[in-house]
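The next block is my_file_13.txt, given as compact mmCIF, N, CA and C atoms.
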```
# COMPACT_ATOMS: atom_id res chain seq x y z
N MET K 142 -15.53 -17.90 6.56
CA MET K 142 -16.34 -16.94 7.29
C MET K 142 -15.44 -15.85 7.86
N GLU K 143 -15.82 -14.61 7.64
CA GLU K 143 -15.00 -13.49 8.09
C GLU K 143 -15.27 -13.18 9.55
N LEU K 144 -14.29 -12.64 10.18
CA LEU K 144 -14.47 -12.17 11.55
C LEU K 144 -15.29 -10.90 11.55
N ASN K 145 -16.01 -10.67 12.62
CA ASN K 145 -16.82 -9.44 12.74
C ASN K 145 -15.98 -8.18 12.63
N ILE K 146 -14.80 -8.21 13.18
CA ILE K 146 -13.95 -7.01 13.15
C ILE K 146 -13.56 -6.63 11.74
N LEU K 147 -13.37 -7.63 10.86
CA LEU K 147 -13.02 -7.34 9.47
C LEU K 147 -14.18 -6.68 8.74
N LYS K 148 -15.41 -7.02 9.12
CA LYS K 148 -16.56 -6.40 8.50
C LYS K 148 -16.67 -4.93 8.88
N LYS K 149 -16.26 -4.60 10.09
CA LYS K 149 -16.38 -3.22 10.58
C LYS K 149 -15.22 -2.35 10.10
N MET K 150 -14.08 -2.94 9.85
CA MET K 150 -12.91 -2.17 9.43
C MET K 150 -12.94 -1.97 7.93
N SER K 151 -12.40 -0.87 7.51
CA SER K 151 -12.23 -0.64 6.08
C SER K 151 -10.81 -1.07 5.72
N LEU K 152 -10.70 -2.21 5.07
CA LEU K 152 -9.37 -2.69 4.70
C LEU K 152 -8.72 -1.78 3.68
N ASP K 153 -9.53 -1.15 2.82
CA ASP K 153 -8.96 -0.18 1.90
C ASP K 153 -8.39 1.00 2.66
N GLY K 154 -9.07 1.42 3.71
CA GLY K 154 -8.56 2.52 4.55
C GLY K 154 -7.24 2.14 5.22
N ILE K 155 -7.16 0.91 5.68
CA ILE K 155 -5.91 0.42 6.29
C ILE K 155 -4.82 0.36 5.22
N GLY K 156 -5.18 -0.10 4.02
CA GLY K 156 -4.21 -0.17 2.92
C GLY K 156 -3.70 1.21 2.53
N ILE K 157 -4.60 2.19 2.48
CA ILE K 157 -4.20 3.56 2.18
C ILE K 157 -3.25 4.06 3.25
N GLY K 158 -3.60 3.82 4.50
CA GLY K 158 -2.73 4.24 5.60
C GLY K 158 -1.37 3.58 5.56
N ALA K 159 -1.35 2.29 5.25
CA ALA K 159 -0.08 1.56 5.19
C ALA K 159 0.80 2.08 4.06
N SER K 160 0.20 2.33 2.90
CA SER K 160 1.02 2.81 1.78
C SER K 160 1.49 4.24 2.02
N LEU K 161 0.66 5.06 2.66
CA LEU K 161 1.09 6.41 2.98
C LEU K 161 2.19 6.41 4.05
N LEU K 162 2.04 5.53 5.03
CA LEU K 162 3.07 5.41 6.06
C LEU K 162 4.39 4.98 5.44
N CYS K 163 4.33 4.05 4.51
CA CYS K 163 5.53 3.59 3.81
C CYS K 163 6.15 4.74 3.01
N ALA K 164 5.31 5.50 2.32
CA ALA K 164 5.81 6.62 1.51
C ALA K 164 6.45 7.70 2.39
N VAL K 165 5.79 8.02 3.48
CA VAL K 165 6.34 9.03 4.39
C VAL K 165 7.66 8.53 4.98
N HIS K 166 7.68 7.27 5.38
CA HIS K 166 8.91 6.68 5.94
C HIS K 166 10.05 6.77 4.93
N CYS K 167 9.77 6.40 3.68
CA CYS K 167 10.82 6.39 2.66
C CYS K 167 11.20 7.80 2.21
N ALA K 168 10.25 8.71 2.17
CA ALA K 168 10.54 10.07 1.72
C ALA K 168 11.29 10.87 2.79
N LEU K 169 10.93 10.66 4.03
CA LEU K 169 11.55 11.44 5.10
C LEU K 169 12.85 10.83 5.61
N LEU K 170 13.07 9.57 5.30
CA LEU K 170 14.27 8.89 5.80
C LEU K 170 15.56 9.64 5.48
N PRO K 171 15.79 10.09 4.24
CA PRO K 171 17.04 10.80 3.98
C PRO K 171 17.19 12.09 4.80
N LEU K 172 16.08 12.77 5.05
CA LEU K 172 16.15 14.00 5.85
C LEU K 172 16.40 13.70 7.31
N VAL K 173 15.70 12.71 7.83
CA VAL K 173 15.82 12.38 9.24
C VAL K 173 17.17 11.74 9.56
N LEU K 174 17.73 11.01 8.60
CA LEU K 174 19.01 10.34 8.85
C LEU K 174 20.14 11.31 9.15
N THR K 175 20.02 12.54 8.69
CA THR K 175 21.07 13.52 8.99
C THR K 175 21.04 13.94 10.46
N VAL K 176 19.87 13.83 11.09
CA VAL K 176 19.73 14.25 12.49
C VAL K 176 19.88 13.08 13.45
N LEU K 177 19.45 11.90 13.05
CA LEU K 177 19.44 10.75 13.96
C LEU K 177 20.81 10.39 14.54
N PRO K 178 21.90 10.44 13.78
CA PRO K 178 23.19 10.11 14.40
C PRO K 178 23.54 11.04 15.56
N LEU K 179 23.08 12.27 15.47
CA LEU K 179 23.31 13.19 16.59
C LEU K 179 22.55 12.75 17.82
N LEU K 180 21.41 12.11 17.62
CA LEU K 180 20.59 11.64 18.73
C LEU K 180 20.94 10.21 19.12
N GLY K 181 21.74 9.54 18.31
CA GLY K 181 22.15 8.17 18.60
C GLY K 181 21.06 7.15 18.30
N SER K 182 20.17 7.44 17.37
CA SER K 182 19.07 6.53 17.08
C SER K 182 19.15 6.06 15.63
N HIS K 183 18.90 4.79 15.43
CA HIS K 183 18.92 4.21 14.09
C HIS K 183 17.63 3.44 13.81
N VAL K 184 16.53 3.77 14.49
CA VAL K 184 15.29 3.02 14.38
C VAL K 184 14.69 3.09 12.98
N LEU K 185 14.79 4.22 12.31
CA LEU K 185 14.18 4.36 10.99
C LEU K 185 15.01 3.74 9.88
N GLU K 186 16.24 3.38 10.17
CA GLU K 186 17.13 2.79 9.19
C GLU K 186 17.03 1.26 9.16
N ASN K 187 16.15 0.74 9.97
CA ASN K 187 16.00 -0.69 10.14
C ASN K 187 15.37 -1.33 8.91
N GLU K 188 16.07 -2.26 8.27
CA GLU K 188 15.54 -2.94 7.08
C GLU K 188 14.34 -3.81 7.42
N LYS K 189 14.31 -4.37 8.63
CA LYS K 189 13.17 -5.19 9.03
C LYS K 189 11.89 -4.35 9.06
N LEU K 190 11.99 -3.11 9.49
CA LEU K 190 10.84 -2.21 9.49
C LEU K 190 10.36 -1.98 8.07
N GLU K 191 11.28 -1.74 7.16
CA GLU K 191 10.92 -1.51 5.76
C GLU K 191 10.28 -2.75 5.14
N TYR K 192 10.85 -3.92 5.39
CA TYR K 192 10.27 -5.16 4.89
C TYR K 192 8.89 -5.40 5.50
N GLY K 193 8.76 -5.07 6.77
CA GLY K 193 7.47 -5.22 7.44
C GLY K 193 6.41 -4.32 6.84
N LEU K 194 6.77 -3.06 6.59
CA LEU K 194 5.81 -2.13 5.98
C LEU K 194 5.42 -2.58 4.58
N LEU K 195 6.39 -3.00 3.79
CA LEU K 195 6.09 -3.49 2.45
C LEU K 195 5.21 -4.74 2.49
N SER K 196 5.53 -5.67 3.38
CA SER K 196 4.76 -6.91 3.49
C SER K 196 3.33 -6.64 3.93
N PHE K 197 3.18 -5.76 4.93
CA PHE K 197 1.85 -5.43 5.43
C PHE K 197 1.03 -4.75 4.35
N SER K 198 1.63 -3.81 3.65
CA SER K 198 0.93 -3.11 2.57
C SER K 198 0.51 -4.08 1.48
N PHE K 199 1.38 -5.02 1.13
CA PHE K 199 1.07 -6.00 0.09
C PHE K 199 -0.06 -6.93 0.53
N ALA K 200 0.02 -7.43 1.75
CA ALA K 200 -1.01 -8.37 2.25
C ALA K 200 -2.37 -7.70 2.32
N VAL K 201 -2.43 -6.51 2.89
CA VAL K 201 -3.70 -5.80 3.00
C VAL K 201 -4.24 -5.47 1.60
N GLY K 202 -3.37 -5.04 0.71
CA GLY K 202 -3.80 -4.71 -0.64
C GLY K 202 -4.36 -5.91 -1.38
N CYS K 203 -3.66 -7.03 -1.31
CA CYS K 203 -4.14 -8.24 -1.99
C CYS K 203 -5.48 -8.69 -1.44
N PHE K 204 -5.61 -8.69 -0.13
CA PHE K 204 -6.85 -9.14 0.48
C PHE K 204 -8.00 -8.18 0.17
N SER K 205 -7.77 -6.90 0.37
CA SER K 205 -8.82 -5.90 0.18
C SER K 205 -9.25 -5.79 -1.28
N LEU K 206 -8.29 -5.65 -2.17
CA LEU K 206 -8.61 -5.50 -3.58
C LEU K 206 -9.16 -6.80 -4.17
N GLY K 207 -8.62 -7.92 -3.73
CA GLY K 207 -9.14 -9.20 -4.19
C GLY K 207 -10.58 -9.41 -3.75
N ARG K 208 -10.86 -9.07 -2.51
CA ARG K 208 -12.23 -9.20 -1.99
C ARG K 208 -13.18 -8.26 -2.73
N GLY K 209 -12.74 -7.03 -2.99
CA GLY K 209 -13.57 -6.09 -3.74
C GLY K 209 -13.86 -6.60 -5.14
N TYR K 210 -12.85 -7.17 -5.77
CA TYR K 210 -13.02 -7.70 -7.12
C TYR K 210 -14.02 -8.86 -7.13
N ILE K 211 -13.82 -9.81 -6.25
CA ILE K 211 -14.64 -11.02 -6.23
C ILE K 211 -16.08 -10.73 -5.80
N ARG K 212 -16.24 -9.95 -4.75
CA ARG K 212 -17.57 -9.76 -4.18
C ARG K 212 -18.38 -8.62 -4.79
N HIS K 213 -17.71 -7.66 -5.40
CA HIS K 213 -18.44 -6.46 -5.78
C HIS K 213 -18.35 -6.07 -7.25
N HIS K 214 -17.21 -5.63 -7.69
CA HIS K 214 -17.19 -4.90 -8.96
C HIS K 214 -16.66 -5.67 -10.16
N ARG K 215 -15.87 -6.69 -9.99
CA ARG K 215 -15.30 -7.46 -11.10
C ARG K 215 -14.53 -6.58 -12.10
N ARG K 216 -13.91 -5.54 -11.61
CA ARG K 216 -13.11 -4.64 -12.45
C ARG K 216 -11.63 -4.89 -12.15
N ILE K 217 -10.85 -5.03 -13.19
CA ILE K 217 -9.43 -5.37 -13.06
C ILE K 217 -8.56 -4.15 -12.80
N ALA K 218 -9.04 -2.95 -13.12
CA ALA K 218 -8.23 -1.74 -13.02
C ALA K 218 -7.61 -1.54 -11.63
N PRO K 219 -8.37 -1.68 -10.52
CA PRO K 219 -7.72 -1.49 -9.21
C PRO K 219 -6.57 -2.48 -8.97
N LEU K 220 -6.74 -3.71 -9.44
CA LEU K 220 -5.68 -4.72 -9.25
C LEU K 220 -4.44 -4.38 -10.07
N LEU K 221 -4.64 -3.92 -11.30
CA LEU K 221 -3.50 -3.55 -12.15
C LEU K 221 -2.77 -2.32 -11.60
N ILE K 222 -3.53 -1.35 -11.13
CA ILE K 222 -2.91 -0.15 -10.55
C ILE K 222 -2.13 -0.51 -9.30
N PHE K 223 -2.71 -1.39 -8.47
CA PHE K 223 -2.01 -1.85 -7.26
C PHE K 223 -0.72 -2.57 -7.62
N ALA K 224 -0.80 -3.49 -8.59
CA ALA K 224 0.39 -4.25 -8.99
C ALA K 224 1.48 -3.34 -9.52
N THR K 225 1.10 -2.36 -10.33
CA THR K 225 2.08 -1.40 -10.88
C THR K 225 2.68 -0.56 -9.76
N GLY K 226 1.83 -0.05 -8.88
CA GLY K 226 2.31 0.76 -7.76
C GLY K 226 3.24 -0.01 -6.85
N PHE K 227 2.86 -1.26 -6.55
CA PHE K 227 3.71 -2.06 -5.67
C PHE K 227 5.03 -2.41 -6.33
N ALA K 228 5.00 -2.65 -7.64
CA ALA K 228 6.24 -2.92 -8.37
C ALA K 228 7.16 -1.70 -8.30
N LEU K 229 6.58 -0.51 -8.41
CA LEU K 229 7.39 0.71 -8.29
C LEU K 229 7.95 0.85 -6.87
N LEU K 230 7.14 0.54 -5.87
CA LEU K 230 7.64 0.59 -4.48
C LEU K 230 8.84 -0.34 -4.30
N LEU K 231 8.71 -1.55 -4.80
CA LEU K 231 9.81 -2.51 -4.69
C LEU K 231 11.03 -2.04 -5.48
N GLY K 232 10.79 -1.54 -6.69
CA GLY K 232 11.89 -1.03 -7.51
C GLY K 232 12.61 0.12 -6.84
N GLY K 233 11.85 1.03 -6.24
CA GLY K 233 12.47 2.15 -5.52
C GLY K 233 13.20 1.69 -4.28
N HIS K 234 12.60 0.76 -3.58
CA HIS K 234 13.22 0.27 -2.34
C HIS K 234 14.52 -0.48 -2.61
N PHE K 235 14.53 -1.28 -3.66
CA PHE K 235 15.72 -2.07 -3.96
C PHE K 235 16.66 -1.38 -4.93
N GLY K 236 16.43 -0.10 -5.19
CA GLY K 236 17.36 0.71 -5.95
C GLY K 236 17.51 0.37 -7.41
N VAL K 237 16.41 0.02 -8.08
CA VAL K 237 16.48 -0.30 -9.50
C VAL K 237 17.00 0.89 -10.29
N ALA K 238 16.44 2.08 -10.03
CA ALA K 238 16.89 3.29 -10.73
C ALA K 238 18.05 3.94 -9.99
N GLY K 239 18.03 3.80 -8.68
CA GLY K 239 19.12 4.31 -7.86
C GLY K 239 19.13 5.81 -7.63
N GLY K 240 19.82 6.19 -6.59
CA GLY K 240 20.12 7.56 -6.24
C GLY K 240 19.01 8.57 -6.35
N TYR K 241 19.18 9.47 -7.29
CA TYR K 241 18.32 10.64 -7.43
C TYR K 241 16.86 10.28 -7.67
N TRP K 242 16.58 9.24 -8.44
CA TRP K 242 15.21 8.87 -8.81
C TRP K 242 14.49 8.04 -7.76
N GLU K 243 15.20 7.51 -6.80
CA GLU K 243 14.60 6.61 -5.81
C GLU K 243 13.40 7.22 -5.08
N PRO K 244 13.49 8.43 -4.52
CA PRO K 244 12.31 9.00 -3.83
C PRO K 244 11.12 9.20 -4.76
N ALA K 245 11.37 9.61 -6.01
CA ALA K 245 10.28 9.81 -6.96
C ALA K 245 9.60 8.50 -7.31
N ILE K 246 10.37 7.44 -7.47
CA ILE K 246 9.81 6.12 -7.79
C ILE K 246 9.00 5.60 -6.62
N ILE K 247 9.52 5.76 -5.41
CA ILE K 247 8.80 5.32 -4.22
C ILE K 247 7.50 6.11 -4.07
N PHE K 248 7.55 7.41 -4.29
CA PHE K 248 6.35 8.24 -4.20
C PHE K 248 5.32 7.81 -5.24
N ALA K 249 5.75 7.58 -6.46
CA ALA K 249 4.84 7.14 -7.52
C ALA K 249 4.22 5.79 -7.17
N GLY K 250 5.01 4.90 -6.61
CA GLY K 250 4.49 3.59 -6.20
C GLY K 250 3.47 3.70 -5.09
N ALA K 251 3.76 4.52 -4.09
CA ALA K 251 2.81 4.71 -2.99
C ALA K 251 1.53 5.38 -3.49
N ALA K 252 1.68 6.31 -4.43
CA ALA K 252 0.50 6.96 -5.02
C ALA K 252 -0.33 5.93 -5.79
N GLY K 253 0.32 5.03 -6.48
CA GLY K 253 -0.40 3.98 -7.20
C GLY K 253 -1.14 3.05 -6.27
N VAL K 254 -0.49 2.61 -5.21
CA VAL K 254 -1.14 1.72 -4.24
C VAL K 254 -2.32 2.44 -3.58
N THR K 255 -2.11 3.68 -3.19
CA THR K 255 -3.18 4.46 -2.58
C THR K 255 -4.33 4.66 -3.57
N GLY K 256 -4.00 5.02 -4.80
CA GLY K 256 -5.01 5.21 -5.83
C GLY K 256 -5.81 3.94 -6.10
N ALA K 257 -5.15 2.80 -6.06
CA ALA K 257 -5.84 1.52 -6.26
C ALA K 257 -6.88 1.28 -5.16
N HIS K 258 -6.50 1.58 -3.92
CA HIS K 258 -7.45 1.43 -2.81
C HIS K 258 -8.62 2.39 -2.95
N ILE K 259 -8.35 3.63 -3.33
CA ILE K 259 -9.41 4.61 -3.51
C ILE K 259 -10.35 4.17 -4.63
N LEU K 260 -9.80 3.71 -5.73
CA LEU K 260 -10.62 3.23 -6.83
C LEU K 260 -11.44 2.01 -6.42
N ASN K 261 -10.85 1.12 -5.64
CA ASN K 261 -11.56 -0.05 -5.15
C ASN K 261 -12.74 0.37 -4.27
N ILE K 262 -12.54 1.34 -3.40
CA ILE K 262 -13.62 1.84 -2.55
C ILE K 262 -14.75 2.37 -3.43
N ARG K 263 -14.41 3.17 -4.42
CA ARG K 263 -15.44 3.74 -5.31
C ARG K 263 -16.18 2.65 -6.07
N ARG K 264 -15.45 1.70 -6.61
CA ARG K 264 -16.08 0.61 -7.37
C ARG K 264 -17.00 -0.23 -6.46
N CYS K 265 -16.55 -0.48 -5.24
CA CYS K 265 -17.37 -1.26 -4.31
C CYS K 265 -18.65 -0.50 -3.94
N LYS K 266 -18.56 0.80 -3.77
CA LYS K 266 -19.74 1.61 -3.44
C LYS K 266 -20.70 1.69 -4.61
N GLN K 267 -20.19 1.63 -5.84
CA GLN K 267 -21.04 1.67 -7.02
C GLN K 267 -21.81 0.37 -7.22
N CYS K 268 -21.31 -0.69 -6.67
CA CYS K 268 -21.96 -1.99 -6.81
C CYS K 268 -23.21 -2.00 -5.93
N THR K 269 -24.35 -2.28 -6.52
CA THR K 269 -25.59 -2.25 -5.74
C THR K 269 -25.85 -3.54 -4.99
N VAL K 270 -25.39 -4.66 -5.54
CA VAL K 270 -25.62 -5.96 -4.90
C VAL K 270 -24.33 -6.78 -5.00
N ALA K 271 -23.91 -7.31 -3.85
CA ALA K 271 -22.75 -8.20 -3.87
C ALA K 271 -23.12 -9.48 -4.59
N HIS K 272 -22.16 -10.11 -5.19
CA HIS K 272 -22.41 -11.38 -5.88
C HIS K 272 -22.82 -12.42 -4.84
N LYS K 273 -24.01 -12.94 -4.96
CA LYS K 273 -24.60 -13.80 -3.93
C LYS K 273 -23.82 -15.09 -3.69
N HIS K 274 -23.21 -15.64 -4.73
CA HIS K 274 -22.51 -16.91 -4.52
C HIS K 274 -21.22 -16.75 -3.73
N HIS K 275 -20.78 -15.51 -3.48
CA HIS K 275 -19.57 -15.27 -2.68
C HIS K 275 -19.91 -14.63 -1.35
N ALA K 276 -21.15 -14.34 -1.07
CA ALA K 276 -21.53 -13.65 0.17
C ALA K 276 -21.57 -14.58 1.35
```
Starting from the file, give its structure as structure tokens.
Amino acid sequence: MELNILKKMSLDGIGIGASLLCAVHCALLPLVLTVLPLLGSHVLENEKLEYGLLSFSFAVGCFSLGRGYIRHHRRIAPLLIFATGFALLLGGHFGVAGGYWEPAIIFAGAAGVTGAHILNIRRCKQCTVAHKHHA
């Protein structure tokens, strides 16, 4: 049984926000790091923050897209796009391509995760009746 608050919140909206926050954090980090030592702050360089953002984005994505798949649309495309986007995020974060390509890979991954949530929202809205055995 779901909590009332989960029914009122848009988990896809939270997932979009989390992936965009992760993308902004990763894209702006190289620019901000040049100024932060002057201010004596290293808060954005914290690996725990990055792991937390990735974990939160993954958990919300799995729950939201899984629920949309099971209860509404039964379409695999949002799940595949999410998996591909998240794999790119991880690859960019852990430096699979390294250096110059890292921001582009992270951006592509965040765009994929965001796109998966948007597609899930559209597919859920197109569904006229939720599957009764899962309601």
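The point (-10.4, 5.8, 3.3) has these residues within 10 Å of it, counting only C-alpha atoms: Ser151, Leu152, Asp153, Gly154, Ile155, Gly156, Ile157, Gly158, Thr255, His258, Ile259 and Ile262 of chain K.
Put simply, atom CA of K:Arg212 is 23.9 Å away from atom N of K:Ala228.
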Test item: residues at most 7 Å from K:Glu243, only N, CA and C atoms, excluding those fewer than 5 positions along its chain, as a list of chain:residue names: K:Gly232, K:Gly233, K:His234, K:Gly236, K:Ala238, K:Phe248
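The gap separating atom C of K:Val237 from atom CA of K:Ser205 is 28.7 Å, in Å to one decimal.
Computed from the coordinates, the atom CA of K:Ala251 to atom C of K:Ile217 distance equals 17.4 Å.
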task: Find the spatial neighbours of K:Tyr210, counting only C-alpha atoms, within a cut-off of 12 Å - ignore same-chain residues fewer than 2 positions away - and output them as a PyMOL selection string.
output: chain K and resi 202-208+212-221+257-258+260-265+268+271-272+275
